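Q: To be precise about what I am sending: the file is called start-v3.cif and holds mmCIF, C-alpha atoms and all ligand atoms; chains and numbers go by the auth columns.
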```
data_work
#
loop_
_atom_site.group_PDB
_atom_site.id
_atom_site.type_symbol
_atom_site.label_atom_id
_atom_site.label_comp_id
_atom_site.label_asym_id
_atom_site.label_seq_id
_atom_site.Cartn_x
_atom_site.Cartn_y
_atom_site.Cartn_z
_atom_site.B_iso_or_equiv
_atom_site.auth_seq_id
_atom_site.auth_asym_id
ATOM 1 C CA MET A 1 -9.155 2.456 43.874 0.00 74 A
ATOM 2 C CA LYS A 2 -6.394 4.807 42.806 0.00 75 A
ATOM 3 C CA LYS A 3 -4.487 1.850 41.379 0.00 76 A
ATOM 4 C CA LEU A 4 -7.559 0.757 39.445 0.00 77 A
ATOM 5 C CA LEU A 5 -8.067 4.224 37.987 0.00 78 A
ATOM 6 C CA PHE A 6 -4.400 4.347 37.022 0.00 79 A
ATOM 7 C CA LEU A 7 -4.688 0.982 35.313 0.00 80 A
ATOM 8 C CA ALA A 8 -7.852 2.088 33.487 0.00 81 A
ATOM 9 C CA ALA A 9 -6.046 5.242 32.313 0.00 82 A
ATOM 10 C CA ILE A 10 -3.172 3.169 30.943 0.00 83 A
ATOM 11 C CA ILE A 11 -5.523 0.803 29.129 0.00 84 A
ATOM 12 C CA PHE A 12 -7.506 3.723 27.721 0.00 85 A
ATOM 13 C CA SER A 13 -4.429 5.562 26.471 0.00 86 A
ATOM 14 C CA ALA A 14 -3.002 2.354 25.001 0.00 87 A
ATOM 15 C CA SER A 15 -6.201 1.633 23.095 0.00 88 A
ATOM 16 C CA SER A 16 -6.457 5.203 21.806 0.00 89 A
ATOM 17 C CA LEU A 17 -2.843 4.993 20.679 0.00 90 A
ATOM 18 C CA MET A 18 -3.623 1.788 18.829 0.00 91 A
ATOM 19 C CA ALA A 19 -6.576 3.450 17.175 0.00 92 A
ATOM 20 C CA GLN A 20 -4.571 6.355 15.779 0.00 93 A
ATOM 21 C CA THR A 21 -4.576 6.732 12.023 0.00 94 A
ATOM 22 C CA GLU A 22 -1.335 5.612 10.370 0.00 95 A
ATOM 23 C CA VAL A 23 0.335 7.196 7.360 0.00 96 A
ATOM 24 C CA ILE A 24 1.322 5.437 4.126 0.00 97 A
ATOM 25 C CA ALA A 25 3.494 7.326 1.650 0.00 98 A
ATOM 26 C CA HIS A 26 1.900 6.941 -1.805 0.00 99 A
ATOM 27 C CA ARG A 27 4.562 5.580 -4.215 0.00 100 A
ATOM 28 C CA GLY A 28 7.119 6.424 -1.527 0.00 101 A
ATOM 29 C CA PHE A 29 7.815 9.899 -0.201 0.00 102 A
ATOM 30 C CA HIS A 30 8.577 11.103 -3.732 0.00 103 A
ATOM 31 C CA ALA A 31 7.541 14.697 -3.080 0.00 104 A
ATOM 32 C CA LYS A 32 10.179 15.408 -0.436 0.00 105 A
ATOM 33 C CA GLN A 33 11.234 19.010 -0.899 0.00 106 A
ATOM 34 C CA GLY A 34 14.574 19.535 -2.567 0.00 107 A
ATOM 35 C CA ALA A 35 15.227 15.789 -2.909 0.00 108 A
ATOM 36 C CA ASN A 36 14.782 15.311 -6.681 0.00 109 A
ATOM 37 C CA SER A 37 12.993 12.021 -6.094 0.00 110 A
ATOM 38 C CA ALA A 38 10.277 10.374 -8.220 0.00 111 A
ATOM 39 C CA ASN A 39 7.358 7.946 -7.858 0.00 112 A
ATOM 40 C CA ASN A 40 8.285 4.368 -6.944 0.00 113 A
ATOM 41 C CA THR A 41 12.043 4.984 -6.891 0.00 114 A
ATOM 42 C CA ILE A 42 14.442 3.610 -4.293 0.00 115 A
ATOM 43 C CA SER A 43 15.055 7.174 -3.062 0.00 116 A
ATOM 44 C CA ALA A 44 11.303 7.677 -2.540 0.00 117 A
ATOM 45 C CA LEU A 45 11.265 4.566 -0.349 0.00 118 A
ATOM 46 C CA GLN A 46 14.338 5.782 1.549 0.00 119 A
ATOM 47 C CA HIS A 47 12.678 9.138 2.255 0.00 120 A
ATOM 48 C CA ALA A 48 9.566 7.379 3.587 0.00 121 A
ATOM 49 C CA GLN A 49 11.794 5.234 5.807 0.00 122 A
ATOM 50 C CA ASP A 50 13.652 8.342 7.049 0.00 123 A
ATOM 51 C CA LEU A 51 10.300 9.877 7.963 0.00 124 A
ATOM 52 C CA GLY A 52 9.373 6.698 9.847 0.00 125 A
ATOM 53 C CA VAL A 53 5.850 6.416 8.451 0.00 126 A
ATOM 54 C CA TYR A 54 3.883 3.176 8.890 0.00 127 A
ATOM 55 C CA GLY A 55 4.119 2.218 5.240 0.00 128 A
ATOM 56 C CA SER A 56 5.508 3.051 1.828 0.00 129 A
ATOM 57 C CA GLU A 57 3.353 2.047 -1.123 0.00 130 A
ATOM 58 C CA VAL A 58 4.797 0.780 -4.419 0.00 131 A
ATOM 59 C CA ASP A 59 3.285 -0.345 -7.728 0.00 132 A
ATOM 60 C CA ILE A 60 4.555 -3.639 -9.148 0.00 133 A
ATOM 61 C CA ASN A 61 4.209 -4.653 -12.811 0.00 134 A
ATOM 62 C CA GLU A 62 5.544 -7.596 -14.785 0.00 135 A
ATOM 63 C CA THR A 63 7.597 -6.846 -17.901 0.00 136 A
ATOM 64 C CA LYS A 64 7.071 -8.736 -21.177 0.00 137 A
ATOM 65 C CA ASP A 65 9.941 -11.087 -20.306 0.00 138 A
ATOM 66 C CA GLY A 66 8.672 -11.773 -16.801 0.00 139 A
ATOM 67 C CA LYS A 67 10.692 -9.404 -14.587 0.00 140 A
ATOM 68 C CA LEU A 68 8.902 -7.676 -11.710 0.00 141 A
ATOM 69 C CA VAL A 69 9.523 -3.933 -11.620 0.00 142 A
ATOM 70 C CA ALA A 70 8.516 -0.989 -9.445 0.00 143 A
ATOM 71 C CA VAL A 71 6.708 1.433 -11.713 0.00 144 A
ATOM 72 C CA HIS A 72 3.151 2.710 -11.877 0.00 145 A
ATOM 73 C CA GLY A 73 2.573 2.129 -15.584 0.00 146 A
ATOM 74 C CA PRO A 74 0.999 1.530 -17.909 0.00 147 A
ATOM 75 C CA ASN A 75 3.938 3.362 -19.478 0.00 148 A
ATOM 76 C CA HIS A 76 7.534 4.006 -18.514 0.00 149 A
ATOM 77 C CA GLN A 77 8.611 6.946 -20.648 0.00 150 A
ATOM 78 C CA ASN A 78 7.476 5.808 -24.143 0.00 151 A
ATOM 79 C CA TYR A 79 7.244 2.090 -23.412 0.00 152 A
ATOM 80 C CA ASN A 80 4.263 0.053 -22.259 0.00 153 A
ATOM 81 C CA VAL A 81 5.763 -1.710 -19.237 0.00 154 A
ATOM 82 C CA GLN A 82 3.879 -5.003 -19.507 0.00 155 A
ATOM 83 C CA ASN A 83 4.660 -5.314 -23.251 0.00 156 A
ATOM 84 C CA THR A 84 8.344 -4.390 -23.125 0.00 157 A
ATOM 85 C CA ASP A 85 11.426 -6.393 -22.139 0.00 158 A
ATOM 86 C CA PHE A 86 13.200 -5.481 -18.925 0.00 159 A
ATOM 87 C CA ALA A 87 16.515 -4.559 -20.586 0.00 160 A
ATOM 88 C CA VAL A 88 14.822 -1.887 -22.674 0.00 161 A
ATOM 89 C CA LEU A 89 13.027 -0.422 -19.670 0.00 162 A
ATOM 90 C CA ARG A 90 16.155 -0.556 -17.525 0.00 163 A
ATOM 91 C CA ALA A 91 18.155 1.316 -20.161 0.00 164 A
ATOM 92 C CA THR A 92 15.643 4.174 -19.841 0.00 165 A
ATOM 93 C CA PRO A 93 16.022 6.060 -16.560 0.00 166 A
ATOM 94 C CA VAL A 94 13.151 7.433 -14.474 0.00 167 A
ATOM 95 C CA HIS A 95 12.733 11.182 -15.056 0.00 168 A
ATOM 96 C CA ASN A 96 14.852 12.124 -12.020 0.00 169 A
ATOM 97 C CA GLY A 97 17.747 10.036 -13.409 0.00 170 A
ATOM 98 C CA GLU A 98 17.364 6.940 -11.185 0.00 171 A
ATOM 99 C CA LYS A 99 17.173 3.533 -12.772 0.00 172 A
ATOM 100 C CA LEU A 100 13.878 1.694 -12.820 0.00 173 A
ATOM 101 C CA PRO A 101 13.993 -0.584 -9.740 0.00 174 A
ATOM 102 C CA THR A 102 13.253 -4.290 -9.707 0.00 175 A
ATOM 103 C CA LEU A 103 11.006 -5.769 -7.022 0.00 176 A
ATOM 104 C CA GLU A 104 14.073 -7.454 -5.551 0.00 177 A
ATOM 105 C CA GLU A 105 15.934 -4.155 -5.228 0.00 178 A
ATOM 106 C CA TYR A 106 12.855 -2.586 -3.677 0.00 179 A
ATOM 107 C CA LEU A 107 12.481 -5.389 -1.137 0.00 180 A
ATOM 108 C CA LEU A 108 16.170 -5.233 -0.192 0.00 181 A
ATOM 109 C CA GLN A 109 15.798 -1.503 0.505 0.00 182 A
ATOM 110 C CA ALA A 110 12.541 -2.112 2.419 0.00 183 A
ATOM 111 C CA LYS A 111 14.379 -4.608 4.601 0.00 184 A
ATOM 112 C CA LYS A 112 16.635 -1.833 5.905 0.00 185 A
ATOM 113 C CA SER A 113 13.802 -0.346 7.974 0.00 186 A
ATOM 114 C CA LYS A 114 12.180 -2.335 10.764 0.00 187 A
ATOM 115 C CA LYS A 115 9.456 0.278 11.091 0.00 188 A
ATOM 116 C CA THR A 116 8.195 1.151 7.624 0.00 189 A
ATOM 117 C CA LYS A 117 6.274 -1.645 5.917 0.00 190 A
ATOM 118 C CA LEU A 118 6.204 -2.089 2.178 0.00 191 A
ATOM 119 C CA ILE A 119 2.659 -1.875 0.794 0.00 192 A
ATOM 120 C CA ILE A 120 2.798 -3.653 -2.560 0.00 193 A
ATOM 121 C CA GLU A 121 0.126 -2.738 -5.075 0.00 194 A
ATOM 122 C CA ILE A 122 -0.042 -5.661 -7.477 0.00 195 A
ATOM 123 C CA LYS A 123 -1.124 -4.061 -10.730 0.00 196 A
ATOM 124 C CA SER A 124 -3.829 -5.562 -12.930 0.00 197 A
ATOM 125 C CA HIS A 125 -2.519 -7.574 -15.921 0.00 198 A
ATOM 126 C CA ASN A 126 -4.231 -8.558 -19.145 0.00 199 A
ATOM 127 C CA THR A 127 -5.354 -12.116 -18.305 0.00 200 A
ATOM 128 C CA PRO A 128 -6.304 -13.945 -15.104 0.00 201 A
ATOM 129 C CA GLU A 129 -3.542 -16.484 -15.858 0.00 202 A
ATOM 130 C CA ARG A 130 -0.930 -13.765 -15.985 0.00 203 A
ATOM 131 C CA GLU A 131 -2.264 -12.194 -12.785 0.00 204 A
ATOM 132 C CA THR A 132 -2.049 -15.560 -11.013 0.00 205 A
ATOM 133 C CA ARG A 133 1.551 -15.970 -12.185 0.00 206 A
ATOM 134 C CA VAL A 134 2.441 -12.447 -11.039 0.00 207 A
ATOM 135 C CA VAL A 135 0.880 -12.998 -7.598 0.00 208 A
ATOM 136 C CA LYS A 136 2.768 -16.282 -7.137 0.00 209 A
ATOM 137 C CA LYS A 137 6.073 -14.746 -8.241 0.00 210 A
ATOM 138 C CA ILE A 138 5.693 -11.770 -5.903 0.00 211 A
ATOM 139 C CA LEU A 139 4.775 -14.000 -2.948 0.00 212 A
ATOM 140 C CA ASP A 140 7.779 -16.264 -3.708 0.00 213 A
ATOM 141 C CA GLU A 141 10.172 -13.311 -3.902 0.00 214 A
ATOM 142 C CA VAL A 142 8.885 -11.864 -0.624 0.00 215 A
ATOM 143 C CA LYS A 143 9.232 -15.269 1.038 0.00 216 A
ATOM 144 C CA ARG A 144 12.725 -15.859 -0.379 0.00 217 A
ATOM 145 C CA LEU A 145 13.908 -12.561 1.100 0.00 218 A
ATOM 146 C CA LYS A 146 12.175 -13.344 4.431 0.00 219 A
ATOM 147 C CA MET A 147 9.984 -10.284 4.166 0.00 220 A
ATOM 148 C CA THR A 148 6.577 -11.883 4.703 0.00 221 A
ATOM 149 C CA LYS A 149 5.802 -9.954 7.882 0.00 222 A
ATOM 150 C CA HIS A 150 7.132 -6.725 6.415 0.00 223 A
ATOM 151 C CA VAL A 151 4.835 -6.608 3.391 0.00 224 A
ATOM 152 C CA GLU A 152 1.123 -5.958 2.861 0.00 225 A
ATOM 153 C CA TYR A 153 -0.775 -6.153 -0.436 0.00 226 A
ATOM 154 C CA ILE A 154 -3.381 -4.079 -2.243 0.00 227 A
ATOM 155 C CA ALA A 155 -4.973 -4.498 -5.685 0.00 228 A
ATOM 156 C CA PHE A 156 -7.756 -3.203 -7.931 0.00 229 A
ATOM 157 C CA SER A 157 -8.258 -6.625 -9.490 0.00 230 A
ATOM 158 C CA LYS A 158 -10.586 -8.971 -7.574 0.00 231 A
ATOM 159 C CA HIS A 159 -8.775 -11.895 -9.162 0.00 232 A
ATOM 160 C CA VAL A 160 -5.441 -10.653 -7.811 0.00 233 A
ATOM 161 C CA CYS A 161 -6.935 -10.245 -4.326 0.00 234 A
ATOM 162 C CA ASP A 162 -8.490 -13.719 -4.498 0.00 235 A
ATOM 163 C CA GLU A 163 -5.161 -15.261 -5.551 0.00 236 A
ATOM 164 C CA VAL A 164 -3.351 -13.530 -2.669 0.00 237 A
ATOM 165 C CA VAL A 165 -5.967 -14.969 -0.296 0.00 238 A
ATOM 166 C CA LYS A 166 -5.453 -18.396 -1.881 0.00 239 A
ATOM 167 C CA TYR A 167 -1.644 -18.539 -2.025 0.00 240 A
ATOM 168 C CA ALA A 168 -0.253 -16.189 0.661 0.00 241 A
ATOM 169 C CA PRO A 169 0.600 -17.371 4.183 0.00 242 A
ATOM 170 C CA LYS A 170 -2.136 -16.974 6.820 0.00 243 A
ATOM 171 C CA LYS A 171 -2.399 -13.472 8.334 0.00 244 A
ATOM 172 C CA THR A 172 -1.177 -11.824 5.125 0.00 245 A
ATOM 173 C CA LYS A 173 -2.924 -8.496 4.679 0.00 246 A
ATOM 174 C CA ILE A 174 -4.723 -7.881 1.394 0.00 247 A
ATOM 175 C CA ALA A 175 -6.986 -4.863 0.834 0.00 248 A
ATOM 176 C CA TYR A 176 -9.210 -4.248 -2.173 0.00 249 A
ATOM 177 C CA LEU A 177 -8.884 -0.920 -3.993 0.00 250 A
ATOM 178 C CA ASN A 178 -11.693 -0.689 -6.517 0.00 251 A
ATOM 179 C CA GLY A 179 -14.469 0.666 -4.296 0.00 252 A
ATOM 180 C CA ASP A 180 -17.309 -1.447 -5.715 0.00 253 A
ATOM 181 C CA LEU A 181 -17.619 -4.080 -2.974 0.00 254 A
ATOM 182 C CA THR A 182 -19.233 -3.503 0.411 0.00 255 A
ATOM 183 C CA PRO A 183 -17.179 -4.308 3.503 0.00 256 A
ATOM 184 C CA GLN A 184 -19.374 -7.390 3.981 0.00 257 A
ATOM 185 C CA GLN A 185 -18.496 -8.651 0.466 0.00 258 A
ATOM 186 C CA CYS A 186 -14.776 -8.025 1.072 0.00 259 A
ATOM 187 C CA LYS A 187 -14.998 -9.970 4.312 0.00 260 A
ATOM 188 C CA GLU A 188 -16.741 -12.876 2.558 0.00 261 A
ATOM 189 C CA ASN A 189 -13.961 -12.920 -0.069 0.00 262 A
ATOM 190 C CA GLY A 190 -11.332 -13.242 2.647 0.00 263 A
ATOM 191 C CA TYR A 191 -9.818 -9.784 2.192 0.00 264 A
ATOM 192 C CA THR A 192 -8.468 -8.110 5.326 0.00 265 A
ATOM 193 C CA GLY A 193 -9.388 -4.541 4.477 0.00 266 A
ATOM 194 C CA ILE A 194 -10.874 -1.975 2.171 0.00 267 A
ATOM 195 C CA ASP A 195 -8.606 0.617 0.559 0.00 268 A
ATOM 196 C CA TYR A 196 -10.954 3.005 -1.241 0.00 269 A
ATOM 197 C CA ASN A 197 -10.576 6.420 -2.731 0.00 270 A
ATOM 198 C CA PHE A 198 -11.570 9.502 -0.808 0.00 271 A
ATOM 199 C CA GLY A 199 -14.646 10.246 -2.964 0.00 272 A
ATOM 200 C CA THR A 200 -16.020 6.729 -2.400 0.00 273 A
ATOM 201 C CA MET A 201 -15.541 6.988 1.357 0.00 274 A
ATOM 202 C CA LYS A 202 -17.229 10.411 1.500 0.00 275 A
ATOM 203 C CA LYS A 203 -20.243 8.768 -0.182 0.00 276 A
ATOM 204 C CA HIS A 204 -20.113 5.781 2.186 0.00 277 A
ATOM 205 C CA PRO A 205 -18.785 6.986 5.524 0.00 278 A
ATOM 206 C CA GLU A 206 -20.785 4.171 7.164 0.00 279 A
ATOM 207 C CA TRP A 207 -18.353 1.678 5.559 0.00 280 A
ATOM 208 C CA ILE A 208 -15.718 2.712 8.103 0.00 281 A
ATOM 209 C CA GLN A 209 -17.668 1.493 11.128 0.00 282 A
ATOM 210 C CA GLN A 210 -19.028 -1.502 9.187 0.00 283 A
ATOM 211 C CA SER A 211 -15.465 -2.507 8.295 0.00 284 A
ATOM 212 C CA HIS A 212 -14.297 -2.177 11.872 0.00 285 A
ATOM 213 C CA ASP A 213 -17.256 -4.239 13.123 0.00 286 A
ATOM 214 C CA LEU A 214 -16.216 -6.959 10.633 0.00 287 A
ATOM 215 C CA GLY A 215 -12.568 -6.785 11.708 0.00 288 A
ATOM 216 C CA LEU A 216 -11.448 -5.167 8.436 0.00 289 A
ATOM 217 C CA THR A 217 -9.009 -2.279 8.181 0.00 290 A
ATOM 218 C CA VAL A 218 -9.840 0.949 6.355 0.00 291 A
ATOM 219 C CA ASN A 219 -7.292 2.720 4.176 0.00 292 A
ATOM 220 C CA ILE A 220 -8.221 5.812 2.126 0.00 293 A
ATOM 221 C CA TRP A 221 -6.376 7.090 -0.991 0.00 294 A
ATOM 222 C CA THR A 222 -4.971 9.413 -2.214 0.00 295 A
ATOM 223 C CA VAL A 223 -5.575 12.110 0.344 0.00 296 A
ATOM 224 C CA ASN A 224 -3.377 15.176 0.077 0.00 297 A
ATOM 225 C CA ASN A 225 -5.047 18.368 1.295 0.00 298 A
ATOM 226 C CA THR A 226 -5.450 19.381 4.919 0.00 299 A
ATOM 227 C CA ASN A 227 -9.265 19.258 5.112 0.00 300 A
ATOM 228 C CA ASP A 228 -9.478 15.825 3.497 0.00 301 A
ATOM 229 C CA LEU A 229 -6.686 14.421 5.675 0.00 302 A
ATOM 230 C CA GLN A 230 -8.479 15.758 8.753 0.00 303 A
ATOM 231 C CA TRP A 231 -11.747 14.129 7.608 0.00 304 A
ATOM 232 C CA CYS A 232 -10.001 10.735 7.456 0.00 305 A
ATOM 233 C CA ILE A 233 -8.501 11.215 10.902 0.00 306 A
ATOM 234 C CA ASP A 234 -11.801 12.409 12.437 0.00 307 A
ATOM 235 C CA ASN A 235 -13.637 9.456 10.884 0.00 308 A
ATOM 236 C CA LYS A 236 -11.102 6.981 12.282 0.00 309 A
ATOM 237 C CA ALA A 237 -9.593 5.596 9.114 0.00 310 A
ATOM 238 C CA ASP A 238 -6.828 3.152 10.040 0.00 311 A
ATOM 239 C CA TYR A 239 -4.559 4.337 7.228 0.00 312 A
ATOM 240 C CA ILE A 240 -4.258 7.328 4.941 0.00 313 A
ATOM 241 C CA THR A 241 -2.347 6.920 1.696 0.00 314 A
ATOM 242 C CA THR A 242 -0.909 10.294 0.790 0.00 315 A
ATOM 243 C CA ASP A 243 1.609 12.160 -1.338 0.00 316 A
ATOM 244 C CA ASN A 244 1.863 14.578 1.583 0.00 317 A
ATOM 245 C CA PRO A 245 3.009 12.531 4.591 0.00 318 A
ATOM 246 C CA ILE A 246 4.495 15.615 6.280 0.00 319 A
ATOM 247 C CA GLU A 247 1.089 17.281 6.523 0.00 320 A
ATOM 248 C CA ALA A 248 -0.594 14.032 7.615 0.00 321 A
ATOM 249 C CA ASN A 249 2.017 13.647 10.360 0.00 322 A
ATOM 250 C CA ARG A 250 1.531 17.253 11.449 0.00 323 A
ATOM 251 C CA LEU A 251 -2.239 16.773 11.807 0.00 324 A
ATOM 252 C CA LEU A 252 -1.603 13.621 13.814 0.00 325 A
ATOM 253 C CA GLY A 253 0.758 15.489 16.123 0.00 326 A
ATOM 254 C CA LYS A 254 3.777 13.489 14.964 0.00 327 A
HETATM 255 MG MG MG B . -0.485 2.448 -6.372 0.00 1 B
#
```
In structure tokens, how does this file's structure come out?

A:
Amino acid sequence: MKKLLFLAAIIFSASSLMAQTEVIAHRGFHAKQGANSANNTISALQHAQDLGVYGSEVDINETKDGKLVAVHGPNHQNYNVQNTDFAVLRATPVHNGEKLPTLEEYLLQAKKSKKTKLIIEIKSHNTPERETRVVKKILDEVKRLKMTKHVEYIAFSKHVCDEVVKYAPKKTKIAYLNGDLTPQQCKENGYTGIDYNFGTMKKHPEWIQQSHDLGLTVNIWTVNNTNDLQWCIDNKADYITTDNPIEANRLLGK
């Protein structure tokens, strides 16, 4: 009997560990104190890796001449990223002085950590054809660098999500960001999770349990203050995307 109870305790603690909310650094851990980092830079990714969080999010856009770059957009300094050639963008540093990273450089840095996954947000582009091309190029680059298991995807564009479902290897994770589909609709589209903003989830807290019942993950963005982070943890979100991973870790007892 004692053995059985012991076994039950192990199983229970293992399952509660598995259920703990994980932290994703929004655009990398760019807000690290005293670090002079910036959104989507290589240093922001490094700081997230140093912290050992589950994931580091990055925004990927295609330049006018077809290069994939890590930048939120639509603008980099005075240039519209998707309408400007890479050389021009590259010659213009990010505001902290770092150069604008390519997807390849970002993936090579991501590869240095076994623990911290790279969460690639594939940005919306101006035509479905261009979005399809961008999805295929990103998937090819990730495959070429043998990073398939190290990368997850998110997107606001349904077309981008659908193309990831169509072209990515089985088991690839793709979560929808735009907040206007129910968990059931996301499931029917083949997405693996919802990744909705905090306001949407406060309006639809029932979507958390519905998602879990459907086998979908729940990520909530961009949650930065203590009360909101605690709400996500109490309501059993799988992931919190935050600019404040230190506070999220503290609330999780990490
Ligand atoms: Mg993003």

Q: What residues have any atom no more than 8 Å from ligand MG 1 (chain B) when counting all atoms listed in the file, and can you list them as a list of chain:residue names?

A: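 Listing the residues within 8 Å of ligand MG 1 (chain B) gives A:His99, A:Arg100, A:Glu130, A:Val131, A:Asp132, A:His145, A:Ile193, A:Glu194, A:Lys196.
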
Q: Would you compute the distance between CA of Ile115 (chain A) and CA of Gly128 (chain A)? Give it in Å to one decimal.

A: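 Going from CA of Ile115 (chain A) over to CA of Gly128 (chain A), I get 14.1 Å.
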
Q: Could you tell me how far CA of Asn270 (chain A) sits from CA of Lys185 (chain A), in Å to one decimal place?

A: 29.7 Å

Q: If the PyMOL selection byres (((chain A and resi 104) around 12) and not hetatm) is run on the structure shown, which residues does it catch, given as JSON, numbers by chain?

A: {"A": [98, 99, 100, 101, 102, 103, 105, 106, 107, 108, 109, 110, 111, 112, 113, 114, 116, 117, 118, 120, 121, 169, 297, 315, 316, 317, 318, 319, 320]}

Q: Those residues with C-alpha atoms, as a PDB file, keeping the file's coordinate frame please?

A:
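Done, and the output landed in result-v5.pdb:
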```
ATOM      1  CA  ALA A  98       3.494   7.326   1.650  1.00  0.00           C
ATOM      2  CA  HIS A  99       1.900   6.941  -1.805  1.00  0.00           C
ATOM      3  CA  ARG A 100       4.562   5.580  -4.215  1.00  0.00           C
ATOM      4  CA  GLY A 101       7.119   6.424  -1.527  1.00  0.00           C
ATOM      5  CA  PHE A 102       7.815   9.899  -0.201  1.00  0.00           C
ATOM      6  CA  HIS A 103       8.577  11.103  -3.732  1.00  0.00           C
ATOM      7  CA  LYS A 105      10.179  15.408  -0.436  1.00  0.00           C
ATOM      8  CA  GLN A 106      11.234  19.010  -0.899  1.00  0.00           C
ATOM      9  CA  GLY A 107      14.574  19.535  -2.567  1.00  0.00           C
ATOM     10  CA  ALA A 108      15.227  15.789  -2.909  1.00  0.00           C
ATOM     11  CA  ASN A 109      14.782  15.311  -6.681  1.00  0.00           C
ATOM     12  CA  SER A 110      12.993  12.021  -6.094  1.00  0.00           C
ATOM     13  CA  ALA A 111      10.277  10.374  -8.220  1.00  0.00           C
ATOM     14  CA  ASN A 112       7.358   7.946  -7.858  1.00  0.00           C
ATOM     15  CA  ASN A 113       8.285   4.368  -6.944  1.00  0.00           C
ATOM     16  CA  THR A 114      12.043   4.984  -6.891  1.00  0.00           C
ATOM     17  CA  SER A 116      15.055   7.174  -3.062  1.00  0.00           C
ATOM     18  CA  ALA A 117      11.303   7.677  -2.540  1.00  0.00           C
ATOM     19  CA  LEU A 118      11.265   4.566  -0.349  1.00  0.00           C
ATOM     20  CA  HIS A 120      12.678   9.138   2.255  1.00  0.00           C
ATOM     21  CA  ALA A 121       9.566   7.379   3.587  1.00  0.00           C
ATOM     22  CA  ASN A 169      14.852  12.124 -12.020  1.00  0.00           C
ATOM     23  CA  ASN A 297      -3.377  15.176   0.077  1.00  0.00           C
ATOM     24  CA  THR A 315      -0.909  10.294   0.790  1.00  0.00           C
ATOM     25  CA  ASP A 316       1.609  12.160  -1.338  1.00  0.00           C
ATOM     26  CA  ASN A 317       1.863  14.578   1.583  1.00  0.00           C
ATOM     27  CA  PRO A 318       3.009  12.531   4.591  1.00  0.00           C
ATOM     28  CA  ILE A 319       4.495  15.615   6.280  1.00  0.00           C
ATOM     29  CA  GLU A 320       1.089  17.281   6.523  1.00  0.00           C
TER      30      GLU A 320
END
```

Q: So that I can see what lies close to Ile293 (chain A), please list as a VMD selection string the residues with an atom at most 9 Å from it, counting only C-alpha atoms and leaving out residues fewer than 2 positions away in the same chain.

A: chain A and resid 267 to 271 274 291 295 to 296 305 310 to 315

Q: Could you write out as a ChimeraX atom specification the residues that the PyMOL selection byres (((chain A and resi 123-127) around 7) and not hetatm) matches in the shown file?

A: /A:95-97,119-122,128,188-190

Q: If I take CA of Leu250 (chain A) and CA of Val224 (chain A), how far is one from the other in Å, to one decimal?

A: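 The value is 16.6 Å.
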
Q: I need the residue nearest Asp138 (chain A) from this list: A:Asp286, A:Leu162, A:Thr94, A:Thr265. Use only C-alpha atoms for the distance.

A: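 Closest to Asp138 (chain A), using only C-alpha atoms: A:Leu162.
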
Q: Mind checking which residues fall within 10 Å of Pro147 (chain A), counting all atoms listed in the file, ignoring those fewer than 5 positions away in the same chain, and posting them as a list in words?

A: Asn134, Tyr152, Asn153, Val154, Gln155, Asn156, Lys196, Ser197 and His198 of chain A

Q: Starting from the point (-3.4, -14.7, 7.8), work out which residues of protein, DNA or RNA have an atom no more than 12 Å away when counting only C-alpha atoms; state them as a PyMOL selection string.

A: chain A and resi 221-222+225+237-247+263-265

Q: On this structure, the PyMOL selection byres (((chain A and resi 229) around 6) and not hetatm) would catch which residues? List them as a list in words, sorted by chain and number.

A: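 This file gives the following for the PyMOL selection byres (((chain A and resi 229) around 6) and not hetatm): Ala228, Ser230, Leu250 and Asn251 of chain A.
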
Q: Tell me which protein, DNA and RNA residues are within 12 Å of Lys140 (chain A), counting all atoms listed in the file, leaving out same-chain ones fewer than 2 positions away, and put them as a PDB file with C-alpha atoms, keeping the file's coordinate frame.

A:
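Writing the result to selection-v8.pdb gives the following:
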```pdb
ATOM      1  CA  ILE A 133       4.555  -3.639  -9.148  1.00  0.00           C
ATOM      2  CA  ASN A 134       4.209  -4.653 -12.811  1.00  0.00           C
ATOM      3  CA  GLU A 135       5.544  -7.596 -14.785  1.00  0.00           C
ATOM      4  CA  THR A 136       7.597  -6.846 -17.901  1.00  0.00           C
ATOM      5  CA  LYS A 137       7.071  -8.736 -21.177  1.00  0.00           C
ATOM      6  CA  ASP A 138       9.941 -11.087 -20.306  1.00  0.00           C
ATOM      7  CA  VAL A 142       9.523  -3.933 -11.620  1.00  0.00           C
ATOM      8  CA  ALA A 143       8.516  -0.989  -9.445  1.00  0.00           C
ATOM      9  CA  VAL A 144       6.708   1.433 -11.713  1.00  0.00           C
ATOM     10  CA  VAL A 154       5.763  -1.710 -19.237  1.00  0.00           C
ATOM     11  CA  GLN A 155       3.879  -5.003 -19.507  1.00  0.00           C
ATOM     12  CA  ASN A 156       4.660  -5.314 -23.251  1.00  0.00           C
ATOM     13  CA  THR A 157       8.344  -4.390 -23.125  1.00  0.00           C
ATOM     14  CA  ASP A 158      11.426  -6.393 -22.139  1.00  0.00           C
ATOM     15  CA  PHE A 159      13.200  -5.481 -18.925  1.00  0.00           C
ATOM     16  CA  ALA A 160      16.515  -4.559 -20.586  1.00  0.00           C
ATOM     17  CA  VAL A 161      14.822  -1.887 -22.674  1.00  0.00           C
ATOM     18  CA  LEU A 162      13.027  -0.422 -19.670  1.00  0.00           C
ATOM     19  CA  ARG A 163      16.155  -0.556 -17.525  1.00  0.00           C
ATOM     20  CA  LEU A 173      13.878   1.694 -12.820  1.00  0.00           C
ATOM     21  CA  PRO A 174      13.993  -0.584  -9.740  1.00  0.00           C
ATOM     22  CA  THR A 175      13.253  -4.290  -9.707  1.00  0.00           C
ATOM     23  CA  LEU A 176      11.006  -5.769  -7.022  1.00  0.00           C
ATOM     24  CA  GLU A 177      14.073  -7.454  -5.551  1.00  0.00           C
ATOM     25  CA  GLU A 178      15.934  -4.155  -5.228  1.00  0.00           C
ATOM     26  CA  ARG A 206       1.551 -15.970 -12.185  1.00  0.00           C
ATOM     27  CA  VAL A 207       2.441 -12.447 -11.039  1.00  0.00           C
ATOM     28  CA  LYS A 210       6.073 -14.746  -8.241  1.00  0.00           C
ATOM     29  CA  ILE A 211       5.693 -11.770  -5.903  1.00  0.00           C
ATOM     30  CA  GLU A 214      10.172 -13.311  -3.902  1.00  0.00           C
TER      31      GLU A 214
END
```
